[in-house]
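Dropping work-v2.pdb in here (PDB, C-alpha atoms and all ligand atoms):
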ATOM      1  CA  MET A   1      12.705 -19.516  -6.873
ATOM      2  CA  ASN A   2      11.475 -22.828  -5.485
ATOM      3  CA  ARG A   3       9.770 -23.553  -2.169
ATOM      4  CA  ASP A   4      12.960 -24.584  -0.307
ATOM      5  CA  GLU A   5      14.790 -21.454  -1.462
ATOM      6  CA  LEU A   6      11.837 -19.360  -0.318
ATOM      7  CA  ILE A   7      11.804 -20.986   3.123
ATOM      8  CA  GLU A   8      15.576 -20.555   3.433
ATOM      9  CA  LEU A   9      15.261 -16.892   2.499
ATOM     10  CA  ALA A  10      12.535 -16.363   5.095
ATOM     11  CA  GLU A  11      14.853 -17.688   7.810
ATOM     12  CA  ASN A  12      17.390 -14.886   7.312
ATOM     13  CA  PRO A  13      17.609 -13.224  10.782
ATOM     14  CA  ASP A  14      18.425  -9.816   9.282
ATOM     15  CA  LEU A  15      14.973  -9.501   7.734
ATOM     16  CA  ILE A  16      12.433  -7.349   9.558
ATOM     17  CA  SER A  17       9.247  -9.311   9.951
ATOM     18  CA  GLY A  18       6.311  -7.788   8.066
ATOM     19  CA  ILE A  19       8.148  -4.573   7.099
ATOM     20  CA  TYR A  20       6.559  -4.746   3.633
ATOM     21  CA  ASN A  21       3.026  -4.704   5.050
ATOM     22  CA  TYR A  22       2.966  -1.007   5.872
ATOM     23  CA  CYS A  23       5.535   0.469   3.481
ATOM     24  CA  ASP A  24       4.747   2.435   0.342
ATOM     25  CA  ARG A  25       6.220  -0.195  -2.032
ATOM     26  CA  TRP A  26       8.583   2.398  -3.458
ATOM     27  CA  CYS A  27      11.546   0.023  -3.309
ATOM     28  CA  GLU A  28      13.740   2.289  -5.422
ATOM     29  CA  ARG A  29      13.664   4.856  -2.624
ATOM     30  CA  CYS A  30      13.532   2.482   0.332
ATOM     31  CA  PRO A  31      16.410   2.364   2.846
ATOM     32  CA  PHE A  32      15.367  -1.103   4.035
ATOM     33  CA  THR A  33      15.828  -3.166   0.890
ATOM     34  CA  SER A  34      18.471  -5.338   2.590
ATOM     35  CA  ARG A  35      16.017  -6.207   5.357
ATOM     36  CA  CYS A  36      12.900  -6.896   3.362
ATOM     37  CA  MET A  37      11.676 -10.352   2.373
ATOM     38  CA  VAL A  38       9.590  -9.054  -0.532
ATOM     39  CA  TYR A  39      12.528  -7.178  -2.004
ATOM     40  CA  ALA A  40      14.848 -10.176  -1.533
ATOM     41  CA  THR A  41      12.341 -12.484  -3.230
ATOM     42  CA  GLU A  42      11.777 -10.153  -6.153
ATOM     43  CA  ARG A  43      15.506  -9.613  -6.554
ATOM     44  CA  ALA A  44      16.241 -13.332  -6.446
ATOM     45  CA  GLU A  45      13.591 -13.841  -9.124
ATOM     46  CA  SER A  46      14.973 -11.147 -11.393
ATOM     47  CA  ILE A  47      18.608 -12.307 -11.033
ATOM     48  CA  SER A  48      17.779 -15.886 -11.866
ATOM     49  CA  ASP A  49      15.460 -14.949 -14.702
ATOM     50  CA  ASP A  50      16.190 -14.487 -18.316
ATOM     51  CA  PRO A  51      14.847 -11.235 -19.830
ATOM     52  CA  GLU A  52      12.131 -13.031 -21.812
ATOM     53  CA  SER A  53      10.469 -14.235 -18.604
ATOM     54  CA  GLN A  54       9.971 -10.586 -17.586
ATOM     55  CA  ASP A  55       8.362  -9.583 -20.854
ATOM     56  CA  ILE A  56       4.567  -9.724 -20.517
ATOM     57  CA  ASN A  57       4.257 -10.404 -24.249
ATOM     58  CA  ASN A  58       6.468 -13.449 -24.085
ATOM     59  CA  ALA A  59       5.192 -16.964 -23.374
ATOM     60  CA  LYS A  60       7.987 -17.435 -20.824
ATOM     61  CA  PHE A  61       6.453 -14.692 -18.659
ATOM     62  CA  TRP A  62       3.201 -16.646 -18.361
ATOM     63  CA  GLN A  63       5.051 -19.908 -17.843
ATOM     64  CA  LYS A  64       6.925 -18.287 -14.987
ATOM     65  CA  LEU A  65       3.648 -17.076 -13.425
ATOM     66  CA  GLU A  66       2.225 -20.570 -13.736
ATOM     67  CA  GLY A  67       5.294 -21.958 -11.961
ATOM     68  CA  ILE A  68       4.897 -19.444  -9.132
ATOM     69  CA  PHE A  69       1.215 -20.345  -8.848
ATOM     70  CA  ARG A  70       2.041 -24.049  -8.470
ATOM     71  CA  GLU A  71       4.642 -23.315  -5.751
ATOM     72  CA  THR A  72       2.205 -20.990  -3.970
ATOM     73  CA  HIS A  73      -0.610 -23.505  -4.156
ATOM     74  CA  ALA A  74       1.595 -26.222  -2.636
ATOM     75  CA  LEU A  75       2.582 -23.852   0.189
ATOM     76  CA  ILE A  76      -1.052 -22.911   0.890
ATOM     77  CA  LEU A  77      -2.041 -26.572   1.140
ATOM     78  CA  GLU A  78       0.832 -27.154   3.546
ATOM     79  CA  TRP A  79      -0.080 -24.139   5.703
ATOM     80  CA  ALA A  80      -3.764 -25.123   5.749
ATOM     81  CA  GLU A  81      -2.847 -28.618   6.901
ATOM     82  CA  GLU A  82      -0.528 -27.259   9.602
ATOM     83  CA  MET A  83      -3.314 -24.965  10.821
ATOM     84  CA  GLY A  84      -5.942 -27.715  10.669
ATOM     85  CA  VAL A  85      -8.011 -25.819   8.108
ATOM     86  CA  ASP A  86     -10.292 -27.894   5.883
ATOM     87  CA  LEU A  87     -10.334 -25.972   2.614
ATOM     88  CA  GLU A  88     -13.349 -27.950   1.363
ATOM     89  CA  SER A  89     -15.624 -27.337   4.348
ATOM     90  CA  THR A  90     -18.896 -25.417   4.054
ATOM     91  CA  GLU A  91     -17.599 -23.066   6.750
ATOM     92  CA  ALA A  92     -14.788 -22.074   4.395
ATOM     93  CA  GLU A  93     -17.343 -21.458   1.640
ATOM     94  CA  ALA A  94     -19.476 -19.330   3.957
ATOM     95  CA  ALA A  95     -16.376 -17.364   4.969
ATOM     96  CA  ILE A  96     -15.608 -16.696   1.298
ATOM     97  CA  VAL A  97     -19.168 -15.418   0.711
ATOM     98  CA  GLU A  98     -18.933 -13.219   3.820
ATOM     99  CA  ARG A  99     -15.551 -11.884   2.682
ATOM    100  CA  GLY A 100     -17.070 -10.996  -0.688
ATOM    101  CA  LYS A 101     -19.764  -8.942   1.055
ATOM    102  CA  GLN A 102     -17.191  -7.177   3.203
ATOM    103  CA  ARG A 103     -15.142  -6.327   0.128
ATOM    104  CA  GLU A 104     -18.172  -4.802  -1.522
ATOM    105  CA  GLU A 105     -18.974  -2.710   1.559
ATOM    106  CA  ALA A 106     -15.386  -1.503   1.901
ATOM    107  CA  LYS A 107     -15.347  -0.617  -1.794
ATOM    108  CA  GLU A 108     -18.509   1.472  -1.463
ATOM    109  CA  HIS A 109     -17.508   3.197   1.794
ATOM    110  CA  PRO A 110     -17.376   7.022   1.409
ATOM    111  CA  LEU A 111     -13.631   7.028   2.122
ATOM    112  CA  SER A 112     -13.020   4.482  -0.648
ATOM    113  CA  LEU A 113     -15.145   6.519  -3.020
ATOM    114  CA  SER A 114     -13.270   9.672  -2.088
ATOM    115  CA  ALA A 115      -9.864   8.018  -2.588
ATOM    116  CA  ARG A 116     -10.874   6.662  -5.988
ATOM    117  CA  HIS A 117     -12.353  10.026  -6.933
ATOM    118  CA  TYR A 118      -9.036  11.677  -6.093
ATOM    119  CA  ALA A 119      -7.163   9.164  -8.269
ATOM    120  CA  GLN A 120      -9.505   9.909 -11.192
ATOM    121  CA  MET A 121      -9.134  13.654 -10.708
ATOM    122  CA  VAL A 122      -5.353  13.315 -10.845
ATOM    123  CA  GLN A 123      -5.616  11.205 -13.976
ATOM    124  CA  GLN A 124      -7.814  13.802 -15.626
ATOM    125  CA  TRP A 125      -5.652  16.682 -14.485
ATOM    126  CA  PHE A 126      -2.504  15.249 -15.975
ATOM    127  CA  LYS A 127      -4.365  14.437 -19.174
ATOM    128  CA  GLU A 128      -5.586  18.001 -19.504
ATOM    129  CA  GLU A 129      -2.587  19.884 -18.168
ATOM    130  CA  PHE A 130       0.167  17.687 -19.572
ATOM    131  CA  ALA A 131      -1.333  16.057 -22.656
ATOM    132  CA  VAL A 132       1.761  13.934 -23.242
ATOM    133  CA  GLU A 133       3.402  12.915 -20.004
ATOM    134  CA  GLU A 134       6.865  12.798 -21.595
ATOM    135  CA  ASN A 135       6.507  16.523 -22.267
ATOM    136  CA  VAL A 136       6.292  17.298 -18.581
ATOM    137  CA  HIS A 137      10.016  17.700 -18.394
ATOM    138  CA  ASP A 138       9.965  20.174 -21.283
ATOM    139  CA  ASP A 139       7.031  22.112 -19.851
ATOM    140  CA  ILE A 140       8.817  22.768 -16.625
ATOM    141  CA  THR A 141      12.278  23.440 -17.996
ATOM    142  CA  GLY A 142      13.624  26.620 -16.524
ATOM    143  CA  LYS A 143      11.325  26.589 -13.523
ATOM    144  CA  ALA A 144      11.963  23.146 -12.248
ATOM    145  CA  HIS A 145      13.100  24.345  -8.852
ATOM    146  CA  SER A 146      10.397  25.222  -6.415
ATOM    147  CA  ALA A 147      10.510  26.933  -3.059
ATOM    148  CA  GLU A 148      12.247  23.855  -1.693
ATOM    149  CA  GLU A 149      15.526  24.047  -3.570
ATOM    150  CA  ASP A 150      16.319  20.375  -3.224
ATOM    151  CA  ILE A 151      12.995  19.070  -4.549
ATOM    152  CA  ASP A 152      12.031  19.914  -8.087
ATOM    153  CA  VAL A 153       8.742  19.663  -9.914
ATOM    154  CA  THR A 154       9.741  16.417 -11.558
ATOM    155  CA  ASP A 155      10.132  14.892  -8.100
ATOM    156  CA  ALA A 156       6.776  16.316  -7.054
ATOM    157  CA  ILE A 157       5.082  14.761 -10.073
ATOM    158  CA  GLU A 158       6.740  11.458  -9.336
ATOM    159  CA  VAL A 159       5.431  11.548  -5.764
ATOM    160  CA  ILE A 160       1.894  12.451  -6.869
ATOM    161  CA  ARG A 161       1.868   9.720  -9.505
ATOM    162  CA  TRP A 162       3.331   7.116  -7.170
ATOM    163  CA  TYR A 163       0.653   7.658  -4.533
ATOM    164  CA  GLN A 164      -2.251   8.437  -6.860
ATOM    165  CA  PHE A 165      -3.743   4.908  -6.721
ATOM    166  CA  PHE A 166      -1.807   3.713  -3.690
ATOM    167  CA  ILE A 167      -3.924   5.910  -1.385
ATOM    168  CA  ALA A 168      -7.126   4.218  -2.569
ATOM    169  CA  ALA A 169      -5.599   0.752  -2.204
ATOM    170  CA  LYS A 170      -4.468   1.355   1.376
ATOM    171  CA  THR A 171      -7.685   3.119   2.366
ATOM    172  CA  TYR A 172      -9.604   0.116   1.094
ATOM    173  CA  ARG A 173      -7.384  -2.269   3.042
ATOM    174  CA  ALA A 174      -7.864  -0.241   6.225
ATOM    175  CA  LEU A 175     -11.624  -0.371   5.699
ATOM    176  CA  MET A 176     -11.549  -4.132   5.170
ATOM    177  CA  GLY A 177     -10.166  -4.451   8.701
ATOM    178  CA  LEU A 178     -13.027  -2.280   9.885
ATOM    179  CA  GLU A 179     -15.450  -4.779   8.372
ATOM    180  CA  ASP A 180     -13.808  -7.506  10.475
ATOM    181  CA  ILE A 181     -14.179  -5.351  13.572
ATOM    182  CA  GLY A 182     -17.930  -5.099  12.999
ATOM    183  CA  ASP A 183     -19.986  -3.019  15.437
ATOM    184  CA  GLU A 184     -17.210  -2.534  17.988
ATOM    185  CA  GLU A 185     -15.990   1.017  18.506
ATOM    186  CA  VAL A 186     -12.420   1.063  17.140
ATOM    187  CA  SER A 187     -11.083   3.175  19.987
ATOM    188  CA  ASP A 188     -12.536   0.694  22.521
ATOM    189  CA  ILE A 189     -10.576  -2.265  21.202
ATOM    190  CA  ASN A 190      -7.626  -3.402  23.262
ATOM    191  CA  VAL A 191      -4.810  -3.626  20.714
ATOM    192  CA  ASP A 192      -2.688  -5.589  23.200
ATOM    193  CA  PRO A 193      -5.088  -8.352  24.261
ATOM    194  CA  PHE A 194      -2.308 -10.392  25.903
ATOM    195  CA  SER A 195      -1.977  -7.696  28.545
ATOM    196  CA  ASP A 196      -5.320  -8.882  29.868
ATOM    197  CA  ASP A 197      -5.358 -12.228  31.730
ATOM    198  CA  ASP A 198      -8.912 -12.898  30.544
ATOM    199  CA  PHE A 199      -8.315 -12.460  26.834
ATOM    200  CA  ASP A 200      -9.999 -14.881  24.431
ATOM    201  CA  ASP A 201      -9.798 -15.722  20.704
ATOM    202  CA  GLU A 202     -12.284 -12.998  19.841
ATOM    203  CA  ASP A 203     -10.095 -10.343  21.531
ATOM    204  CA  VAL A 204      -7.051 -11.526  19.589
ATOM    205  CA  LEU A 205      -8.922 -11.444  16.261
ATOM    206  CA  LEU A 206     -10.264  -7.975  16.936
ATOM    207  CA  ALA A 207      -6.805  -6.710  17.899
ATOM    208  CA  ALA A 208      -5.292  -8.218  14.730
ATOM    209  CA  ALA A 209      -7.951  -6.575  12.529
ATOM    210  CA  CYS A 210      -7.454  -3.273  14.326
ATOM    211  CA  HIS A 211      -3.678  -3.540  14.005
ATOM    212  CA  ASP A 212      -3.849  -4.110  10.262
ATOM    213  CA  SER A 213      -6.376  -1.320   9.775
ATOM    214  CA  ASP A 214      -4.288   1.161  11.726
ATOM    215  CA  GLY A 215      -1.117   0.200   9.829
ATOM    216  CA  SER A 216      -2.831   0.501   6.467
ATOM    217  CA  ALA A 217      -4.501   3.770   7.482
ATOM    218  CA  LYS A 218      -1.141   5.138   8.624
ATOM    219  CA  ILE A 219       0.611   4.493   5.316
ATOM    220  CA  ALA A 220      -2.413   5.943   3.501
ATOM    221  CA  LEU A 221      -2.101   9.079   5.667
ATOM    222  CA  ILE A 222       1.625   9.320   4.978
ATOM    223  CA  ALA A 223       0.926   9.034   1.247
ATOM    224  CA  ILE A 224      -1.728  11.771   1.551
ATOM    225  CA  ASP A 225       0.616  14.087   3.495
ATOM    226  CA  ARG A 226       3.333  13.620   0.895
ATOM    227  CA  SER A 227       0.923  14.126  -1.970
ATOM    228  CA  LEU A 228      -0.357  17.350  -0.395
ATOM    229  CA  SER A 229       3.219  18.627  -0.073
ATOM    230  CA  ALA A 230       3.987  17.610  -3.634
ATOM    231  CA  TRP A 231       0.903  19.456  -4.924
ATOM    232  CA  ARG A 232       1.932  22.550  -2.980
ATOM    233  CA  LEU A 233       5.384  22.398  -4.554
ATOM    234  CA  MET A 234       3.711  22.179  -7.952
ATOM    235  CA  GLN A 235       1.631  25.224  -7.175
ATOM    236  CA  ASN A 236       4.691  27.209  -6.106
ATOM    237  CA  ALA A 237       6.605  26.263  -9.209
ATOM    238  CA  LEU A 238       3.683  26.492 -11.646
ATOM    239  CA  PRO A 239       1.394  29.214 -10.209
ATOM    240  CA  GLU A 240      -0.704  29.344 -13.377
ATOM    241  CA  LYS A 241      -1.874  25.815 -12.560
ATOM    242  CA  THR A 242      -2.790  26.531  -8.944
ATOM    243  CA  GLU A 243      -6.492  27.009  -9.526
ATOM    244  CA  SER A 244      -6.931  23.711 -11.319
ATOM    245  CA  THR A 245      -5.089  21.812  -8.569
ATOM    246  CA  VAL A 246      -7.147  23.149  -5.653
ATOM    247  CA  PRO A 247     -10.032  20.616  -5.962
ATOM    248  CA  MET A 248      -7.558  17.767  -5.622
ATOM    249  CA  LEU A 249      -6.006  19.261  -2.499
ATOM    250  CA  ILE A 250      -9.469  19.682  -1.007
ATOM    251  CA  GLU A 251     -10.365  16.059  -1.813
ATOM    252  CA  LEU A 252      -7.144  14.882  -0.206
ATOM    253  CA  GLU A 253      -7.748  17.003   2.882
ATOM    254  CA  LYS A 254     -11.271  15.597   3.238
ATOM    255  CA  LEU A 255      -9.886  12.112   2.919
ATOM    256  CA  ARG A 256      -7.125  12.783   5.448
ATOM    257  CA  ARG A 257      -9.637  14.052   8.009
ATOM    258  CA  GLY A 258     -11.989  11.142   7.363
ATOM    259  CA  ILE A 259      -9.253   8.548   7.847
ATOM    260  CA  GLU A 260      -8.025  10.217  11.034
ATOM    261  CA  GLN A 261     -11.556  10.270  12.387
ATOM    262  CA  ILE A 262     -12.325   6.636  11.634
ATOM    263  CA  PHE A 263      -8.880   5.362  12.639
ATOM    264  CA  PRO A 264      -7.955   7.623  15.578
ATOM    265  CA  ARG A 265      -4.912   5.503  16.505
ATOM    266  CA  ALA A 266      -3.475   5.260  13.006
ATOM    267  CA  ARG A 267      -0.925   8.060  13.381
ATOM    268  CA  ASP A 268       0.521   6.312  16.462
ATOM    269  CA  PHE A 269       0.892   2.975  14.734
ATOM    270  CA  VAL A 270       4.503   1.795  14.802
ATOM    271  CA  ARG A 271       5.443   0.334  11.430
ATOM    272  CA  PRO A 272       8.057  -2.445  11.607
ATOM    273  CA  GLY A 273      11.458  -0.945  10.748
ATOM    274  CA  PHE A 274      10.304   2.475   9.601
ATOM    275  CA  ASP A 275       8.919   3.790  12.887
ATOM    276  CA  GLU A 276      10.885   1.755  15.368
ATOM    277  CA  VAL A 277      13.170   3.336  17.913
ATOM    278  CA  GLY A 278      16.622   3.876  16.434
ATOM    279  CA  SER A 279      15.337   4.120  12.894
ATOM    280  CA  GLU A 280      15.959   7.475  11.266
ATOM    281  CA  SER A 281      14.201   6.466   8.109
ATOM    282  CA  VAL A 282      11.307   8.530   6.858
ATOM    283  CA  SER A 283      10.148   6.168   4.184
TER     284      SER A 283
HETATM  285  S1  LIG B 301       9.872  -2.413   2.744
HETATM  286 FE1  LIG B 301      11.037  -1.274   1.229
HETATM  287  S2  LIG B 301      12.030  -2.810  -0.033
HETATM  288 FE2  LIG B 301      10.368  -3.827   1.066
HETATM  289  S3  LIG B 301       8.598  -3.777  -0.330
HETATM  290 FE3  LIG B 301       8.519  -1.987   1.029
HETATM  291  S4  LIG B 301       9.505  -0.325  -0.115
HETATM  292 FE4  LIG B 301      10.120  -2.285  -1.070
END

Take the structure from the file and write it as structure tokens.
Amino acid sequence: MNRDELIELAENPDLISGIYNYCDRWCERCPFTSRCMVYATERAESISDDPESQDINNAKFWQKLEGIFRETHALILEWAEEMGVDLESTEAEAAIVERGKQREEAKEHPLSLSARHYAQMVQQWFKEEFAVEENVHDDITGKAHSAEEDIDVTDAIEVIRWYQFFIAAKTYRALMGLEDIGDEEVSDINVDPFSDDDFDDEDVLLAAACHDSDGSAKIALIAIDRSLSAWRLMQNALPEKTESTVPMLIELEKLRRGIEQIFPRARDFVRPGFDEVGSESVS
């Protein structure tokens, strides 16, 4: 897809602006595929592509990535010019160094550590309990249905696996926003700075950082809630494995509480499309 096609796609009025920012990237199960720019772009790429360009072992795959990089680079230069940003300035360099420090701090935050620890525990658990993942289906044959008749263990495993690393990624992103907020108390920040006649640039930047943190924290919390339910379904269906799953549920619960404490407004965040009035979607 070239730059003009991308711009044309972005102008489609049916798309919901930013819907992909706070979703769980599970496009297969998403009811908003027809309204999502990311999905439309990926689909357009895959339709126009030949199979070799999607094979990571084929040179065409890397050529395609190189092509995308060139298009992206041209767009970034254009955007920077439009916004009056000098990409060569020392201020930009200083901002990059500062961003690097923030990344490091967010990565080492106790919530990040906890989320990554959970992901490792899950990895280990599946390795020990289901030595060969493909055998999972055989292991649970005959007791696939749990207390919830319409959700089986295979679904539960899929949910756990889908969110295993996603939780850490979104927790980290939420914490990056916190780094931008600095010493301000999150709950003191006015998330609607334009409601105040005296707002300034600083207020707008703080609100934007807070907004992104809350959105990222909310999807992390949703992923945690769903993972907890999925683990419980596993326990019901495979009671002999209950004991070994408990530490992971406890880690998730600790993480859930920690995120809710640090981002007290996250649960109220309204995600574009998914949480808007009139939407019955639960994705
Ligand atoms: S909004 Fe839906 S379609 Fe778009 S990236 Fe997220 S999950 Fe995929």

Care to translate the PyMOL selection byres (((not hetatm)) within 9 of (chain B and resi 301)) into actual residues of this file, as a list in words?
-> Ile16, Gly18, Ile19, Tyr20, Asn21, Tyr22, Cys23, Asp24, Arg25, Trp26, Cys27, Glu28, Arg29, Cys30, Pro31, Phe32, Thr33, Ser34, Arg35, Cys36, Met37, Val38, Tyr39, Ala40, Gly273, Phe274 and Ser283 of chain A

Give me, please, the distance in Å between atom CA of A:Ala209 and atom CA of A:Gly177, quoted to one decimal.
->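 So the two atoms, atom CA of A:Ala209 and atom CA of A:Gly177, lie 4.9 Å apart.
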
Surrounding residues of A:Thr245 excluding itself and chain neighbours under 5 positions, 8 Å, all atoms listed in the file, as a count of residues only | 3

Distance of atom CA of A:Arg267 from atom CA of A:Val153, expressed in Å to one decimal place =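 Distance reported for this atom pair: 27.8 Å.
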
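Rounded to one decimal, atom CA of A:Asp214 and atom CA of A:Ala174 lie 6.7 Å from each other.
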
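Residues in contact with stretch 158-171 of chain A at 6 Å, where all atoms listed in the file are counted and same-chain residues fewer than 6 positions away are skipped, are listed as Ala115, Arg116, Ala119, Ser216, Ala220, Ala223 and Ser227 of chain A.
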
Could you list the residues chosen by the PyMOL selection byres (((chain A and resi 107) around 10) and not hetatm) in this structure as a ChimeraX atom specification?
-> /A:101-106,108-113,116,168-169,171-173,175-176

From the set A:Trp62, A:Arg271, A:Ala237, A:Ile68, which residue has the shortest atom-to-atom contact distance to A:Glu45, counting all atoms listed in the file?
->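 For A:Glu45, the nearest of the candidates is A:Ile68.
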
Spatial neighbours of stretch 191-201 of chain A, 9 Å, only C-alpha atoms, chain gap at least 5 places, as a list in words |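 Here the answer would be Leu206, Ala207, Ala208, Cys210 and His211 of chain A.
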
Out of A:Thr41, A:Val97, A:Ile259, A:Leu87, which residue has the shortest atom-to-atom distance to A:Leu15 when counting only C-alpha atoms?
->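 Residue with the minimum atom-to-atom distance to A:Leu15: A:Thr41.
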
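Put simply, the PyMOL selection byres (((chain A and resi 249) around 10) and not hetatm) on this file hits Tyr118, Ile224, Ser227, Leu228, Ser229, Trp231, Arg232, Ser244, Thr245, Val246, Pro247, Met248, Ile250, Glu251, Leu252, Glu253, Lys254 and Leu255 of chain A.
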
What lies within 12 Å of A:Thr72 using only C-alpha atoms, ignoring chain neighbours under 4 positions off, as a list in words?
->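 Once the adjacent positions are removed, what remains is Met1, Asn2, Arg3, Asp4, Leu6, Ile7, Leu65, Glu66, Gly67, Ile68, Ile76, Leu77, Glu78 and Trp79 of chain A.
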
Could you tell me which of A:Leu178, A:Asp275, A:Asp155, A:Asp212 comes closest to A:Met234 if we count all atoms listed in the file?
-> A:Asp155

Please complete stretch 65-79 of chain A so it has N, CA, C and O atoms, and hand it over as a tab-separated table (two decimals), keeping the file's coordinate frame.
chain	number	residue	atom	x	y	z
A	65	LEU	N	4.78	-17.31	-14.34
A	65	LEU	CA	3.65	-17.08	-13.42
A	65	LEU	C	2.97	-18.39	-13.03
A	65	LEU	O	2.60	-18.60	-11.88
A	66	GLU	N	2.85	-19.28	-13.99
A	66	GLU	CA	2.22	-20.57	-13.74
A	66	GLU	C	3.06	-21.35	-12.72
A	66	GLU	O	2.53	-21.98	-11.81
A	67	GLY	N	4.38	-21.27	-12.89
A	67	GLY	CA	5.29	-21.96	-11.96
A	67	GLY	C	5.14	-21.41	-10.56
A	67	GLY	O	5.07	-22.16	-9.57
A	68	ILE	N	5.06	-20.08	-10.45
A	68	ILE	CA	4.90	-19.44	-9.13
A	68	ILE	C	3.57	-19.88	-8.52
A	68	ILE	O	3.47	-20.17	-7.33
A	69	PHE	N	2.53	-19.94	-9.35
A	69	PHE	CA	1.22	-20.34	-8.85
A	69	PHE	C	1.28	-21.75	-8.25
A	69	PHE	O	0.75	-22.01	-7.17
A	70	ARG	N	1.97	-22.66	-8.97
A	70	ARG	CA	2.04	-24.05	-8.47
A	70	ARG	C	2.76	-24.09	-7.12
A	70	ARG	O	2.33	-24.75	-6.18
A	71	GLU	N	3.89	-23.35	-7.02
A	71	GLU	CA	4.64	-23.32	-5.75
A	71	GLU	C	3.76	-22.75	-4.64
A	71	GLU	O	3.72	-23.25	-3.52
A	72	THR	N	3.04	-21.66	-4.96
A	72	THR	CA	2.20	-20.99	-3.97
A	72	THR	C	1.08	-21.91	-3.51
A	72	THR	O	0.78	-22.02	-2.31
A	73	HIS	N	0.49	-22.60	-4.47
A	73	HIS	CA	-0.61	-23.50	-4.16
A	73	HIS	C	-0.13	-24.60	-3.21
A	73	HIS	O	-0.79	-24.92	-2.21
A	74	ALA	N	1.05	-25.16	-3.50
A	74	ALA	CA	1.60	-26.22	-2.64
A	74	ALA	C	1.82	-25.69	-1.22
A	74	ALA	O	1.52	-26.36	-0.23
A	75	LEU	N	2.33	-24.45	-1.14
A	75	LEU	CA	2.58	-23.85	0.19
A	75	LEU	C	1.27	-23.65	0.95
A	75	LEU	O	1.18	-23.92	2.15
A	76	ILE	N	0.24	-23.17	0.23
A	76	ILE	CA	-1.05	-22.91	0.89
A	76	ILE	C	-1.62	-24.22	1.46
A	76	ILE	O	-2.11	-24.26	2.59
A	77	LEU	N	-1.53	-25.28	0.66
A	77	LEU	CA	-2.04	-26.57	1.14
A	77	LEU	C	-1.30	-27.01	2.40
A	77	LEU	O	-1.90	-27.50	3.37
A	78	GLU	N	0.01	-26.77	2.38
A	78	GLU	CA	0.83	-27.15	3.55
A	78	GLU	C	0.43	-26.33	4.77
A	78	GLU	O	0.24	-26.86	5.86
A	79	TRP	N	0.28	-25.01	4.58
A	79	TRP	CA	-0.08	-24.14	5.70
A	79	TRP	C	-1.47	-24.51	6.25
A	79	TRP	O	-1.67	-24.54	7.45
